[in-house]
Amino acid sequence: MAATTRRGLTPFYAVLGVIALAGVALLAYLAAGPGSAGGVPANVVVQPSDTAGFRGYVMGADTAPVEVVEYADYQCPACQGFATVQMPDIRRDLIATGRVRWRYRDFPLSQHRHARLAAHAAACADEQGKFWEMHDLIYAGQADWAFRGNAGGAFRDYARQLGLELGRYDGCMDSNRYAGRIQASFEEGQRIGVQSTPSFLIGGRIYAGALASDRVRQLVDSIASPGR
């Protein structure tokens with residue numbers, strides 16, 4: 001009778017083992033989060049990409065000792081959180097003080113249907129010297145346009161709000177002239193190992209996920225003053 005009971009319990013313990021393994025896998029997935037670098041270890045050393053052609057939208061002094069390259073997607077919620085919560089502090093404490101030069105690169109993810117259109121709207125605003133202003137409005141209004149059928153209408157409203165010449169803006173959007181640039185930016189990110197947004201290239205290493213402003217400051221300090 002005892003032997004029969006042990007045999008009957010064997011499948012039960014096997015099921016428990018499967019459930020336990022599944023639980024571990026789930027916890028690992030949740031720990032990685034949407035901003036993880038997937039199967040690529042965080043902070044991997046990468047080689048500089050091809051410097052030919054358009055190099056992104058730059059904020060900060062050319063003489064800044066540290067450059068940060070951000071790869072982001074306008075429809076990515078984590079990117080929106082970084083842009084609206086962390087970036088104001090980074091602009092004030094690191095960029096405005098001449099410590100950091102910030103370079104923004106487009107990395108539109110395929111699951112975000114309006115990401116490329118948003119990137120193109122920002123590029124068209126850049127023609128009229130308003131890239132960062134459009135960048136800020138697009139991220140601030142993400143909840144309003146991300147699931148709209150006509151996101152372009154929202155972007156045009158932002159262009160009007162910024163005082164852009166609408167005829168010129170419309171012509172730029174209709175031409176889709178920056179589609180190749182946006183794709184090239186995406187491919188550059190892929191070449192150096194970017195797999196998720198936002199991701200940051202700092203001191204030759206990739207950091208995936210929406211970094212806190214304090215963490216960015218620590219990384220900048222470690223590069224600018226390596227002996228500290």
# chains A, B, ... in the order shown; residues from 1 in each chain; ligands from 1

call {"tool": "residues_around", "arguments": {"residues": "A:Tyr158", "least_positions_apart": "6", "cutoff": "12 Å", "atoms": "only C-alpha atoms", "output": "list in words"}}
result
Ala118, Ala121, Ala122, Cys124, Ala125, Lys130, Phe131, Glu133, Met134, His135, Asp136, Leu137, Ile138, Tyr139, Ala140, Gly141, Gln142, Asp144, Trp145, Ala151, Gly152, Leu164, Glu165, Leu166 and Tyr169 of chain A

call {"tool": "residues_around", "arguments": {"residues": "A:Glu67", "least_positions_apart": "2", "cutoff": "10 Å", "atoms": "only C-alpha atoms", "output": "VMD selection string"}}
result
chain A and resid 58 to 65 69 to 70 95 99 to 103 201 to 204 220 223

call {"tool": "select_by_dssp", "arguments": {"residues": "stretch 70-215 of chain A", "states": "strand (DSSP E)", "output": "PyMOL selection string"}}
result
chain A and resi 70-72+100-106+199-202+205-208

call {"tool": "write_last_selection", "arguments": {"atoms": "N, CA, C and O atoms", "output": "mmCIF file, in the first residue's frame"}}
result
data_model
loop_
_atom_site.group_PDB
_atom_site.id
_atom_site.type_symbol
_atom_site.label_atom_id
_atom_site.label_comp_id
_atom_site.auth_asym_id
_atom_site.auth_seq_id
_atom_site.Cartn_x
_atom_site.Cartn_y
_atom_site.Cartn_z
ATOM 1 N N GLU A 70 21.064 58.671 -26.892
ATOM 2 C CA GLU A 70 19.810 58.023 -26.503
ATOM 3 C C GLU A 70 19.141 57.442 -27.745
ATOM 4 O O GLU A 70 18.967 58.139 -28.744
ATOM 5 N N TYR A 71 18.750 56.183 -27.677
ATOM 6 C CA TYR A 71 17.957 55.539 -28.723
ATOM 7 C C TYR A 71 16.550 55.359 -28.172
ATOM 8 O O TYR A 71 16.355 54.679 -27.157
ATOM 9 N N ALA A 72 15.568 55.995 -28.832
ATOM 10 C CA ALA A 72 14.237 56.026 -28.240
ATOM 11 C C ALA A 72 13.143 55.976 -29.301
ATOM 12 O O ALA A 72 13.379 56.196 -30.489
ATOM 13 N N VAL A 100 27.593 67.561 -20.302
ATOM 14 C CA VAL A 100 27.128 66.489 -21.185
ATOM 15 C C VAL A 100 26.631 67.070 -22.501
ATOM 16 O O VAL A 100 25.947 68.107 -22.522
ATOM 17 N N ARG A 101 26.959 66.391 -23.580
ATOM 18 C CA ARG A 101 26.346 66.631 -24.895
ATOM 19 C C ARG A 101 25.409 65.458 -25.142
ATOM 20 O O ARG A 101 25.806 64.294 -25.074
ATOM 21 N N TRP A 102 24.136 65.771 -25.407
ATOM 22 C CA TRP A 102 23.110 64.741 -25.560
ATOM 23 C C TRP A 102 22.765 64.573 -27.033
ATOM 24 O O TRP A 102 22.524 65.535 -27.742
ATOM 25 N N ARG A 103 22.730 63.334 -27.488
ATOM 26 C CA ARG A 103 22.428 63.044 -28.879
ATOM 27 C C ARG A 103 21.226 62.090 -28.925
ATOM 28 O O ARG A 103 21.265 60.996 -28.359
ATOM 29 N N TYR A 104 20.164 62.510 -29.585
ATOM 30 C CA TYR A 104 18.940 61.705 -29.675
ATOM 31 C C TYR A 104 18.886 60.988 -31.013
ATOM 32 O O TYR A 104 19.038 61.600 -32.064
ATOM 33 N N ARG A 105 18.688 59.660 -30.985
ATOM 34 C CA ARG A 105 18.562 58.861 -32.197
ATOM 35 C C ARG A 105 17.218 58.139 -32.188
ATOM 36 O O ARG A 105 16.774 57.631 -31.148
ATOM 37 N N ASP A 106 16.597 58.066 -33.357
ATOM 38 C CA ASP A 106 15.311 57.377 -33.487
ATOM 39 C C ASP A 106 15.521 55.866 -33.515
ATOM 40 O O ASP A 106 16.386 55.360 -34.232
ATOM 41 N N SER A 199 17.401 53.101 -24.733
ATOM 42 C CA SER A 199 18.739 52.595 -24.464
ATOM 43 C C SER A 199 19.715 53.746 -24.635
ATOM 44 O O SER A 199 19.480 54.659 -25.434
ATOM 45 N N PHE A 200 20.804 53.687 -23.887
ATOM 46 C CA PHE A 200 21.751 54.804 -23.859
ATOM 47 C C PHE A 200 23.164 54.288 -24.094
ATOM 48 O O PHE A 200 23.588 53.301 -23.490
ATOM 49 N N LEU A 201 23.880 54.976 -24.966
ATOM 50 C CA LEU A 201 25.285 54.686 -25.208
ATOM 51 C C LEU A 201 26.094 55.725 -24.445
ATOM 52 O O LEU A 201 26.070 56.911 -24.775
ATOM 53 N N ILE A 202 26.788 55.257 -23.388
ATOM 54 C CA ILE A 202 27.535 56.161 -22.510
ATOM 55 C C ILE A 202 28.922 55.565 -22.279
ATOM 56 O O ILE A 202 29.036 54.457 -21.747
ATOM 57 N N ARG A 205 29.507 52.015 -23.611
ATOM 58 C CA ARG A 205 28.683 50.914 -23.107
ATOM 59 C C ARG A 205 27.206 51.225 -23.304
ATOM 60 O O ARG A 205 26.800 52.381 -23.291
ATOM 61 N N ILE A 206 26.418 50.167 -23.495
ATOM 62 C CA ILE A 206 24.974 50.310 -23.659
ATOM 63 C C ILE A 206 24.293 50.057 -22.327
ATOM 64 O O ILE A 206 24.552 49.050 -21.661
ATOM 65 N N TYR A 207 23.410 50.971 -21.966
ATOM 66 C CA TYR A 207 22.590 50.820 -20.767
ATOM 67 C C TYR A 207 21.131 50.812 -21.218
ATOM 68 O O TYR A 207 20.646 51.791 -21.789
ATOM 69 N N ALA A 208 20.447 49.718 -20.972
ATOM 70 C CA ALA A 208 19.059 49.575 -21.416
ATOM 71 C C ALA A 208 18.107 49.928 -20.281
ATOM 72 O O ALA A 208 18.355 49.624 -19.113
#

call {"tool": "atom_distance", "arguments": {"atom1": "atom CA of A:Gln75", "atom2": "atom CA of A:His112"}}
result
6.1 Å

call {"tool": "atom_distance", "arguments": {"atom1": "atom CA of A:Leu219", "atom2": "atom CA of A:Thr97"}}
result
16.0 Å

call {"tool": "atom_distance", "arguments": {"atom1": "atom CA of A:Leu94", "atom2": "atom CA of A:Gly129"}}
result
22.3 Å

call {"tool": "closest_residue", "arguments": {"among": "A:Arg215, A:Arg191, A:His120, A:Arg113", "to": "A:Asn176", "atoms": "only C-alpha atoms"}}
result
A:His120

call {"tool": "select_by_dssp", "arguments": {"residues": "stretch 78-129 of chain A", "states": "helix (DSSP H, G or I)", "output": "VMD selection string"}}
result
chain A and resid 78 to 95 115 to 127

call {"tool": "write_last_selection", "arguments": {"atoms": "C-alpha atoms", "output": "short mmCIF file (atom, residue, chain, number, x, y, z; two decimals), in the first residue's frame"}}
result
data_model
loop_
_atom_site.label_atom_id
_atom_site.label_comp_id
_atom_site.auth_asym_id
_atom_site.auth_seq_id
_atom_site.Cartn_x
_atom_site.Cartn_y
_atom_site.Cartn_z
CA ALA A 78 9.18 54.00 -20.81
CA CYS A 79 10.67 56.59 -23.20
CA GLN A 80 7.80 58.93 -22.39
CA GLY A 81 8.45 58.53 -18.68
CA PHE A 82 12.15 59.23 -19.13
CA ALA A 83 11.54 62.27 -21.34
CA THR A 84 9.00 63.87 -19.01
CA VAL A 85 10.35 62.89 -15.57
CA GLN A 86 14.12 62.37 -15.79
CA MET A 87 15.18 64.49 -18.74
CA PRO A 88 14.31 67.89 -17.24
CA ASP A 89 16.78 67.28 -14.41
CA ILE A 90 19.42 66.03 -16.84
CA ARG A 91 19.02 69.13 -18.99
CA ARG A 92 19.35 71.43 -15.99
CA ASP A 93 22.16 69.67 -14.12
CA LEU A 94 24.26 68.08 -16.85
CA ILE A 95 23.55 69.62 -20.25
CA ALA A 115 6.40 55.77 -33.87
CA ARG A 116 7.86 56.48 -37.31
CA LEU A 117 5.25 59.14 -38.06
CA ALA A 118 6.10 60.83 -34.77
CA ALA A 119 9.80 60.69 -35.58
CA HIS A 120 9.10 62.24 -38.99
CA ALA A 121 7.04 65.02 -37.42
CA ALA A 122 9.98 65.86 -35.15
CA ALA A 123 12.33 65.83 -38.15
CA CYS A 124 10.03 68.22 -40.01
CA ALA A 125 9.94 70.50 -36.98
CA ASP A 126 13.73 70.41 -36.98
CA GLU A 127 13.67 72.00 -40.45
#

call {"tool": "closest_residue", "arguments": {"among": "A:Gln190, A:Cys76, A:Phe147, A:Arg156", "to": "A:Asp174", "atoms": "only C-alpha atoms"}}
result
A:Arg156

call {"tool": "closest_residue", "arguments": {"among": "A:Phe54, A:Val66, A:Ala159, A:Val194", "to": "A:Val216", "atoms": "only C-alpha atoms"}}
result
A:Val66
